[in-house]
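Q: Please read through the structure below; I'll follow up with questions.
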Amino acid sequence: MASVIILRRLWQGLTSTLLDVLVHVGLLVWDVLLTLFNHVVPQRPVGRVVKAGRPGFGGKWPEYVPPREGDSRCSCPALNALANHGILPHDGRNIAFPALGRAIEDVYNFAPTFGFFGPKHAARFLARDYWRDRLDLQDLDAHNCIEHDASGKIPRALVEEVLASASGPGGTLVGADLSRLMGRRRVAAKRANPEYSLSLFHKLFGSWNCSTLLRIFGGNVDDLRVVLGEERLPDGWEPRFRRRMGLTILEFNFTVLPVEFSVREEVDGAIDAAGRERYLVDPGVDAKKME
């Protein structure tokens with residue numbers, strides 16, 4: 001009996017690993033092909049980035065209705081906005097994983113590879129079947145799913161601080177602004193949380209989230225104030241990324257990686273030092289010495 005159990009576990013592990021490899025290789029090939037196609041066909045014209053027949057075509061979004069008591073929301077304002085406009089169920093509940101991906105593609109002009117990868121990762125983390133199971137938006141705030149140390153819902157005061165620090169042309173946000181933001185957030189999170197941990201995957205995931213402010217929203221402060229502060233899509237807004245097949249994972253990473261690897265606090269010792277004062281005998285005196 002024991003030998004049968006061992007063989008079954010080995011077989012299940014082997015087939016699961018092989019299937020994962022095939023899915024990821026297929027996703028990579030598909031993503032590269034979409035990226036190449038995007039660069040040989042014309043972009044979508046301004047005013048028609050959202051496809052005809054989909055919510056938001058021509059900048060006309062469904063009515064915004066604030067969440068009611070008992071509605072499910074998560075720490076991602078862009079996803080919450082989809083529910084607030086009724087593009088996802090307004091109560092934020094009982095959402096199929098593929099439907100979540102399609103909404104992300106339709107509204108924000110992400111490529112199908114991106115629309116598959118994000119919800120598939122969430123389903124796997126939540127130990128659910130991507131094709132058969134469903135989720136509530138608040139499920140995504142399970143620690144280390146889309147929420148992780150140094151993430152979480154952005155307070156309104158921090159939203160204004162971020163937007164006020166925009167240093168790009170015409171007062172837009174640029175990658176350097178986001179790198180500074182993430183550095184400060186990580187230092188503050190480690191100082192406040194003795195059990196702080198952030199893997200490279202979640203650092204990159206945080207940079208993915210921040211980089212949508214650049215690639216999808218163009219760093220436009222007025223638009224971002226509405227999206228981040230009110231979790232609403234501005235009237236007349238459409239994605240700034242206009243390539244025909246949407247923003248692919250490959251192309252997105254050309255923005256994500258510079259944002260992540262420009263976080264100065266990761267190399268200047270600020271994150272390592274954060275929170276160290278809680279273990280010092282005389283925090284006031286020793287903290288001055290550390291300065």
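Quick note on naming: the chains in the structure tokens go A, B, ... in the order shown, residues restart at 1 in each chain, and ligands are numbered from 1 in order of appearance.
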Give me, as a list of chain:residue names, all polymer residues having an atom no more than 9 Å from Leu82 of chain A, counting only C-alpha atoms and skipping those fewer than 4 positions away in the same chain.
A: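 Residues meeting the cut-off are A:Pro77, A:Ala78, A:Gly86, A:Ile87, A:Leu88, A:Pro89, A:His90, A:Ala103, A:Ile104, A:Val107, A:Glu231, A:Arg232, A:Leu233.
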Q: Take the residues from that selection and write them out as an mmCIF file, in the first residue's frame, keeping N, CA, C and O atoms.
A:
data_model
loop_
_atom_site.group_PDB
_atom_site.id
_atom_site.type_symbol
_atom_site.label_atom_id
_atom_site.label_comp_id
_atom_site.auth_asym_id
_atom_site.auth_seq_id
_atom_site.Cartn_x
_atom_site.Cartn_y
_atom_site.Cartn_z
ATOM 1 N N PRO A 77 -7.219 49.627 -6.593
ATOM 2 C CA PRO A 77 -8.248 50.581 -7.037
ATOM 3 C C PRO A 77 -8.749 50.304 -8.451
ATOM 4 O O PRO A 77 -9.932 50.533 -8.747
ATOM 5 N N ALA A 78 -7.868 49.824 -9.337
ATOM 6 C CA ALA A 78 -8.281 49.582 -10.727
ATOM 7 C C ALA A 78 -9.309 48.458 -10.814
ATOM 8 O O ALA A 78 -10.239 48.518 -11.625
ATOM 9 N N GLY A 86 -19.896 48.539 -12.517
ATOM 10 C CA GLY A 86 -20.747 47.427 -12.938
ATOM 11 C C GLY A 86 -20.168 46.598 -14.065
ATOM 12 O O GLY A 86 -20.873 45.765 -14.649
ATOM 13 N N ILE A 87 -18.882 46.777 -14.383
ATOM 14 C CA ILE A 87 -18.243 45.951 -15.424
ATOM 15 C C ILE A 87 -17.974 44.563 -14.865
ATOM 16 O O ILE A 87 -18.128 43.555 -15.550
ATOM 17 N N LEU A 88 -17.570 44.508 -13.599
ATOM 18 C CA LEU A 88 -17.637 43.290 -12.793
ATOM 19 C C LEU A 88 -18.898 43.405 -11.933
ATOM 20 O O LEU A 88 -19.447 44.500 -11.792
ATOM 21 N N PRO A 89 -19.386 42.296 -11.372
ATOM 22 C CA PRO A 89 -20.564 42.415 -10.494
ATOM 23 C C PRO A 89 -20.347 43.492 -9.438
ATOM 24 O O PRO A 89 -19.290 43.552 -8.814
ATOM 25 N N HIS A 90 -21.364 44.349 -9.248
ATOM 26 C CA HIS A 90 -21.172 45.493 -8.359
ATOM 27 C C HIS A 90 -20.869 45.067 -6.932
ATOM 28 O O HIS A 90 -20.158 45.785 -6.199
ATOM 29 N N ALA A 103 -12.270 41.280 -18.310
ATOM 30 C CA ALA A 103 -12.570 42.671 -17.931
ATOM 31 C C ALA A 103 -11.294 43.503 -17.923
ATOM 32 O O ALA A 103 -11.287 44.658 -18.374
ATOM 33 N N ILE A 104 -10.205 42.942 -17.422
ATOM 34 C CA ILE A 104 -8.927 43.651 -17.400
ATOM 35 C C ILE A 104 -8.471 43.954 -18.827
ATOM 36 O O ILE A 104 -7.989 45.049 -19.131
ATOM 37 N N VAL A 107 -11.059 46.718 -20.532
ATOM 38 C CA VAL A 107 -11.076 48.078 -19.990
ATOM 39 C C VAL A 107 -9.701 48.728 -20.048
ATOM 40 O O VAL A 107 -9.572 49.899 -20.427
ATOM 41 N N GLU A 231 -11.680 55.480 -6.916
ATOM 42 C CA GLU A 231 -11.889 54.162 -7.529
ATOM 43 C C GLU A 231 -12.980 54.246 -8.588
ATOM 44 O O GLU A 231 -13.918 53.451 -8.626
ATOM 45 N N ARG A 232 -12.801 55.247 -9.447
ATOM 46 C CA ARG A 232 -13.737 55.541 -10.523
ATOM 47 C C ARG A 232 -12.959 55.850 -11.791
ATOM 48 O O ARG A 232 -11.838 56.381 -11.739
ATOM 49 N N LEU A 233 -13.521 55.496 -12.948
ATOM 50 C CA LEU A 233 -12.893 55.817 -14.228
ATOM 51 C C LEU A 233 -13.385 57.189 -14.678
ATOM 52 O O LEU A 233 -14.591 57.422 -14.750
#
Q: Identify, with DSSP run on backbone atoms, the residues in segment 44-139 of chain A assigned to strand (DSSP E), and express the list as a list in words.
A: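 Taking segment 44-139 of chain A and keeping strand (DSSP E) only, one gets Ile95, Ala96, Arg134 and Leu135 of chain A.
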Q: List the spatial neighbours of Arg134 of chain A as a list in words - criterion: any atom at most 9 Å away, only C-alpha atoms, same-chain residues fewer than 4 positions off excluded.
A: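 The contact residues come out as Arg93, Asn94, Ile95, Ala96, Phe97, Ala123, Arg128, Asp129 and Tyr130 of chain A.
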Q: Counting only C-alpha atoms, figure out which residue out of A:Gly115, A:Gly92, A:Gly58, A:Gly170 gets nearest to Trp237 of chain A.
A: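 The answer is A:Gly58, which sits nearest to Trp237 of chain A.
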Q: In Å, how far is it from atom CA of Leu34 of chain A to atom CA of Leu250 of chain A?
A: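 Interatomic distance here is 9.4 Å.
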Q: Find the residues around Gln138 of chain A up to 6 Å (only C-alpha atoms counted), leave out those fewer than 6 positions away in its own chain, and share them as a list in words.
A: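 Close residues of Gln138 of chain A: Ser72, Arg73 and Cys74 of chain A.
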Q: Produce a file of the selected residues containing N, CA and C atoms, as a PDB file, in the first residue's frame.
A:
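Result written to result10.pdb:
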ATOM      1  N   SER A  72     -17.899  43.493  -1.749  1.00  0.00           N
ATOM      2  CA  SER A  72     -16.525  43.004  -1.631  1.00  0.00           C
ATOM      3  C   SER A  72     -15.597  43.862  -2.480  1.00  0.00           C
ATOM      4  N   ARG A  73     -14.527  44.358  -1.865  1.00  0.00           N
ATOM      5  CA  ARG A  73     -13.526  45.137  -2.572  1.00  0.00           C
ATOM      6  C   ARG A  73     -12.135  44.684  -2.112  1.00  0.00           C
ATOM      7  N   CYS A  74     -11.107  45.047  -2.889  1.00  0.00           N
ATOM      8  CA  CYS A  74      -9.741  44.643  -2.572  1.00  0.00           C
ATOM      9  C   CYS A  74      -8.840  45.867  -2.511  1.00  0.00           C
TER      10      CYS A  74
END
Q: Excluding Val227 of chain A and its own-chain neighbours fewer than 4 positions away, which residues fall within 12 Å of it when counting only C-alpha atoms? Please give them as a PyMOL selection string.
A: chain A and resi 64+76-82+84-85+154+156+159+163+212-213+216-217+219-223+231-235+237
Q: Write a file of the selected residues as a compact mmCIF listing (two decimals), in the first residue's frame, keeping N, CA, C and O atoms.
A:
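Heads up, here's the output in part_27.txt:
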# COMPACT_ATOMS: atom_id res chain seq x y z
N TYR A 64 -21.18 55.14 -12.49
CA TYR A 64 -20.41 54.85 -11.29
C TYR A 64 -21.36 54.80 -10.10
O TYR A 64 -22.14 55.73 -9.87
N CYS A 76 -6.73 46.86 -4.70
CA CYS A 76 -6.38 47.39 -6.02
C CYS A 76 -7.48 48.33 -6.53
O CYS A 76 -8.58 47.89 -6.87
N PRO A 77 -7.22 49.63 -6.59
CA PRO A 77 -8.25 50.58 -7.04
C PRO A 77 -8.75 50.30 -8.45
O PRO A 77 -9.93 50.53 -8.75
N ALA A 78 -7.87 49.82 -9.34
CA ALA A 78 -8.28 49.58 -10.73
C ALA A 78 -9.31 48.46 -10.81
O ALA A 78 -10.24 48.52 -11.63
N LEU A 79 -9.16 47.43 -9.99
CA LEU A 79 -10.15 46.34 -9.96
C LEU A 79 -11.44 46.81 -9.29
O LEU A 79 -12.54 46.48 -9.74
N ASN A 80 -11.30 47.55 -8.21
CA ASN A 80 -12.49 48.07 -7.53
C ASN A 80 -13.31 48.96 -8.46
O ASN A 80 -14.55 48.95 -8.43
N ALA A 81 -12.62 49.74 -9.31
CA ALA A 81 -13.33 50.61 -10.25
C ALA A 81 -14.19 49.79 -11.20
O ALA A 81 -15.29 50.22 -11.59
N LEU A 82 -13.71 48.62 -11.60
CA LEU A 82 -14.50 47.77 -12.50
C LEU A 82 -15.81 47.36 -11.85
O LEU A 82 -16.85 47.30 -12.52
N ASN A 84 -17.26 49.09 -9.30
CA ASN A 84 -18.04 50.31 -9.05
C ASN A 84 -18.79 50.78 -10.30
O ASN A 84 -19.82 51.45 -10.19
N HIS A 85 -18.27 50.43 -11.48
CA HIS A 85 -18.94 50.78 -12.74
C HIS A 85 -19.82 49.64 -13.25
O HIS A 85 -20.40 49.75 -14.34
N ILE A 154 -3.89 52.24 -0.54
CA ILE A 154 -3.12 53.48 -0.39
C ILE A 154 -3.99 54.52 0.31
O ILE A 154 -5.06 54.87 -0.19
N ARG A 156 -5.50 58.10 1.40
CA ARG A 156 -5.73 59.28 0.56
C ARG A 156 -4.57 60.28 0.67
O ARG A 156 -4.16 60.90 -0.32
N VAL A 159 -1.83 59.13 -1.51
CA VAL A 159 -2.17 59.37 -2.92
C VAL A 159 -1.78 60.79 -3.30
O VAL A 159 -1.13 61.03 -4.33
N LEU A 163 1.08 62.01 -6.03
CA LEU A 163 0.75 62.83 -7.19
C LEU A 163 1.45 64.19 -7.13
O LEU A 163 1.85 64.73 -8.17
N THR A 212 1.53 50.22 -13.98
CA THR A 212 0.28 50.47 -14.71
C THR A 212 -0.06 51.96 -14.71
O THR A 212 -0.70 52.46 -15.63
N LEU A 213 0.39 52.68 -13.68
CA LEU A 213 0.14 54.12 -13.62
C LEU A 213 0.82 54.84 -14.78
O LEU A 213 0.35 55.89 -15.23
N ILE A 216 -0.66 52.40 -18.61
CA ILE A 216 -2.11 52.42 -18.87
C ILE A 216 -2.69 53.81 -18.67
O ILE A 216 -3.55 54.26 -19.44
N PHE A 217 -2.21 54.53 -17.65
CA PHE A 217 -2.76 55.85 -17.34
C PHE A 217 -1.86 56.99 -17.79
O PHE A 217 -2.19 58.15 -17.61
N GLY A 219 0.66 58.25 -16.57
CA GLY A 219 1.17 59.11 -15.52
C GLY A 219 0.37 60.38 -15.31
O GLY A 219 0.82 61.30 -14.61
N ASN A 220 -0.82 60.45 -15.92
CA ASN A 220 -1.64 61.67 -15.84
C ASN A 220 -2.19 61.84 -14.43
O ASN A 220 -2.99 61.04 -13.94
N VAL A 221 -1.77 62.90 -13.77
CA VAL A 221 -2.10 63.12 -12.36
C VAL A 221 -3.60 63.32 -12.16
O VAL A 221 -4.19 62.80 -11.20
N ASP A 222 -4.25 64.06 -13.04
CA ASP A 222 -5.69 64.31 -12.88
C ASP A 222 -6.48 63.01 -12.96
O ASP A 222 -7.41 62.77 -12.17
N ASP A 223 -6.14 62.17 -13.93
CA ASP A 223 -6.83 60.88 -14.05
C ASP A 223 -6.55 59.99 -12.85
O ASP A 223 -7.46 59.33 -12.31
N GLU A 231 -11.68 55.48 -6.92
CA GLU A 231 -11.89 54.16 -7.53
C GLU A 231 -12.98 54.25 -8.59
O GLU A 231 -13.92 53.45 -8.63
N ARG A 232 -12.80 55.25 -9.45
CA ARG A 232 -13.74 55.54 -10.52
C ARG A 232 -12.96 55.85 -11.79
O ARG A 232 -11.84 56.38 -11.74
N LEU A 233 -13.52 55.50 -12.95
CA LEU A 233 -12.89 55.82 -14.23
C LEU A 233 -13.39 57.19 -14.68
O LEU A 233 -14.59 57.42 -14.75
N PRO A 234 -12.47 58.12 -14.98
CA PRO A 234 -12.88 59.47 -15.35
C PRO A 234 -13.72 59.48 -16.62
O PRO A 234 -13.50 58.66 -17.54
N ASP A 235 -14.64 60.40 -16.72
CA ASP A 235 -15.44 60.56 -17.93
C ASP A 235 -14.53 60.85 -19.12
O ASP A 235 -13.65 61.71 -19.06
N TRP A 237 -12.23 58.97 -20.28
CA TRP A 237 -10.91 58.33 -20.20
C TRP A 237 -10.85 57.07 -21.06
O TRP A 237 -11.84 56.36 -21.24
Q: Between A:Thr248, A:Thr172, A:Ser199, A:Gln43, which one has atoms that come closest to Tyr108 of chain A, using only C-alpha atoms?
A: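 Closest residue, counting only C-alpha atoms: A:Thr248.
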Q: Among the residues of segment 155-211 of chain A, find those DSSP assigns to alpha helix (DSSP H) from the backbone and print them as a PyMOL selection string.
A: chain A and resi 156-164+175-192+200-211
Q: Could you save the residues just selected, with N, CA, C and O atoms, as a short mmCIF file (atom, residue, chain, number, x, y, z; two decimals), in the first residue's frame?
A:
data_model
loop_
_atom_site.label_atom_id
_atom_site.label_comp_id
_atom_site.auth_asym_id
_atom_site.auth_seq_id
_atom_site.Cartn_x
_atom_site.Cartn_y
_atom_site.Cartn_z
N ARG A 156 -5.50 58.10 1.40
CA ARG A 156 -5.73 59.28 0.56
C ARG A 156 -4.57 60.28 0.67
O ARG A 156 -4.16 60.90 -0.32
N ALA A 157 -4.02 60.42 1.89
CA ALA A 157 -2.92 61.37 2.08
C ALA A 157 -1.71 60.95 1.25
O ALA A 157 -1.01 61.80 0.68
N LEU A 158 -1.47 59.64 1.18
CA LEU A 158 -0.32 59.16 0.40
C LEU A 158 -0.57 59.32 -1.09
O LEU A 158 0.36 59.62 -1.86
N VAL A 159 -1.83 59.13 -1.51
CA VAL A 159 -2.17 59.37 -2.92
C VAL A 159 -1.78 60.79 -3.30
O VAL A 159 -1.13 61.03 -4.33
N GLU A 160 -2.17 61.75 -2.48
CA GLU A 160 -1.87 63.16 -2.78
C GLU A 160 -0.37 63.41 -2.74
O GLU A 160 0.16 64.18 -3.55
N GLU A 161 0.33 62.75 -1.81
CA GLU A 161 1.78 62.92 -1.73
C GLU A 161 2.45 62.41 -3.00
O GLU A 161 3.35 63.04 -3.56
N VAL A 162 2.00 61.24 -3.46
CA VAL A 162 2.57 60.66 -4.68
C VAL A 162 2.33 61.57 -5.87
O VAL A 162 3.24 61.87 -6.64
N LEU A 163 1.08 62.01 -6.03
CA LEU A 163 0.75 62.83 -7.19
C LEU A 163 1.45 64.19 -7.13
O LEU A 163 1.85 64.73 -8.17
N ALA A 164 1.63 64.70 -5.92
CA ALA A 164 2.31 65.99 -5.79
C ALA A 164 3.79 65.89 -6.14
O ALA A 164 4.43 66.89 -6.47
N GLY A 175 8.84 57.00 -14.03
CA GLY A 175 9.36 55.84 -13.32
C GLY A 175 10.14 56.19 -12.07
O GLY A 175 10.03 55.50 -11.04
N ALA A 176 10.95 57.24 -12.12
CA ALA A 176 11.75 57.62 -10.96
C ALA A 176 10.87 57.98 -9.76
O ALA A 176 11.22 57.69 -8.61
N ASP A 177 9.71 58.58 -10.02
CA ASP A 177 8.78 58.91 -8.93
C ASP A 177 8.28 57.64 -8.24
O ASP A 177 8.18 57.58 -7.02
N LEU A 178 7.98 56.63 -9.05
CA LEU A 178 7.45 55.39 -8.49
C LEU A 178 8.53 54.62 -7.74
O LEU A 178 8.25 53.98 -6.72
N SER A 179 9.75 54.66 -8.23
CA SER A 179 10.85 54.00 -7.52
C SER A 179 11.04 54.63 -6.14
O SER A 179 11.25 53.92 -5.15
N ARG A 180 10.98 55.96 -6.08
CA ARG A 180 11.11 56.63 -4.78
C ARG A 180 9.95 56.25 -3.86
O ARG A 180 10.15 56.00 -2.66
N LEU A 181 8.73 56.18 -4.41
CA LEU A 181 7.56 55.80 -3.62
C LEU A 181 7.74 54.41 -3.02
O LEU A 181 7.53 54.20 -1.83
N MET A 182 8.13 53.45 -3.85
CA MET A 182 8.25 52.08 -3.36
C MET A 182 9.37 51.95 -2.33
O MET A 182 9.25 51.20 -1.36
N GLY A 183 10.44 52.70 -2.53
CA GLY A 183 11.51 52.68 -1.54
C GLY A 183 11.01 53.15 -0.18
O GLY A 183 11.28 52.52 0.86
N ARG A 184 10.29 54.27 -0.16
CA ARG A 184 9.75 54.78 1.10
C ARG A 184 8.76 53.80 1.72
O ARG A 184 8.75 53.60 2.94
N ARG A 185 7.91 53.21 0.89
CA ARG A 185 6.90 52.27 1.41
C ARG A 185 7.57 51.04 2.03
O ARG A 185 7.14 50.56 3.08
N ARG A 186 8.62 50.54 1.41
CA ARG A 186 9.29 49.35 1.93
C ARG A 186 10.00 49.64 3.24
O ARG A 186 9.97 48.83 4.17
N VAL A 187 10.65 50.79 3.32
CA VAL A 187 11.32 51.17 4.57
C VAL A 187 10.28 51.31 5.69
O VAL A 187 10.47 50.79 6.80
N ALA A 188 9.17 52.00 5.41
CA ALA A 188 8.13 52.20 6.42
C ALA A 188 7.51 50.87 6.84
O ALA A 188 7.24 50.65 8.03
N ALA A 189 7.28 49.97 5.88
CA ALA A 189 6.66 48.68 6.19
C ALA A 189 7.59 47.84 7.06
O ALA A 189 7.15 47.20 8.01
N LYS A 190 8.87 47.84 6.75
CA LYS A 190 9.82 47.04 7.54
C LYS A 190 9.99 47.62 8.94
O LYS A 190 10.13 46.90 9.93
N ARG A 191 9.95 48.95 9.04
CA ARG A 191 10.07 49.58 10.35
C ARG A 191 8.87 49.25 11.23
O ARG A 191 9.00 49.07 12.44
N ALA A 192 7.69 49.14 10.62
CA ALA A 192 6.47 48.91 11.38
C ALA A 192 6.19 47.43 11.64
O ALA A 192 5.44 47.10 12.56
N LEU A 200 11.61 38.48 -4.18
CA LEU A 200 11.82 39.16 -5.45
C LEU A 200 10.55 39.15 -6.28
O LEU A 200 10.22 40.15 -6.94
N PHE A 201 9.80 38.04 -6.24
CA PHE A 201 8.55 37.98 -7.01
C PHE A 201 7.60 39.09 -6.58
O PHE A 201 7.02 39.78 -7.41
N HIS A 202 7.45 39.29 -5.27
CA HIS A 202 6.50 40.30 -4.80
C HIS A 202 7.04 41.71 -4.97
O HIS A 202 6.26 42.66 -5.12
N LYS A 203 8.36 41.88 -4.97
CA LYS A 203 8.91 43.18 -5.32
C LYS A 203 8.55 43.52 -6.77
O LYS A 203 8.11 44.63 -7.08
N LEU A 204 8.72 42.54 -7.66
CA LEU A 204 8.38 42.76 -9.06
C LEU A 204 6.89 42.96 -9.23
O LEU A 204 6.44 43.77 -10.06
N PHE A 205 6.10 42.23 -8.45
CA PHE A 205 4.65 42.37 -8.54
C PHE A 205 4.24 43.78 -8.12
O PHE A 205 3.36 44.41 -8.73
N GLY A 206 4.88 44.30 -7.07
CA GLY A 206 4.61 45.68 -6.66
C GLY A 206 4.98 46.67 -7.75
O GLY A 206 4.27 47.65 -7.99
N SER A 207 6.09 46.39 -8.44
CA SER A 207 6.49 47.27 -9.55
C SER A 207 5.53 47.14 -10.72
O SER A 207 5.31 48.11 -11.45
N TRP A 208 4.97 45.96 -10.92
CA TRP A 208 3.93 45.78 -11.95
C TRP A 208 2.76 46.70 -11.64
O TRP A 208 2.27 47.42 -12.51
N ASN A 209 2.30 46.65 -10.39
CA ASN A 209 1.14 47.47 -10.02
C ASN A 209 1.42 48.95 -10.24
O ASN A 209 0.60 49.68 -10.80
N CYS A 210 2.60 49.40 -9.79
CA CYS A 210 2.94 50.81 -9.96
C CYS A 210 3.08 51.19 -11.42
O CYS A 210 2.69 52.29 -11.83
N SER A 211 3.64 50.28 -12.22
CA SER A 211 3.92 50.61 -13.61
C SER A 211 2.66 50.76 -14.45
O SER A 211 2.70 51.38 -15.52
#
Q: Between A:Ile249, A:Ala99, A:Ala127, A:Val174, which residue has the minimum interatomic distance to Thr35 of chain A, considering only C-alpha atoms?
A: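 Answer, going by the shortest atom-to-atom distance: A:Ile249.
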Q: Of the candidates A:Lys60, A:His121, A:His24, A:Arg68, which shows the shortest atom-to-atom distance to Ala83 of chain A, using only C-alpha atoms?
A: A:Arg68
Q: Please report the interatomic distance between atom CA of Leu137 of chain A and atom CA of Pro239 of chain A in Å with one decimal.
A: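 Going from atom CA of Leu137 of chain A over to atom CA of Pro239 of chain A, I get 22.4 Å.
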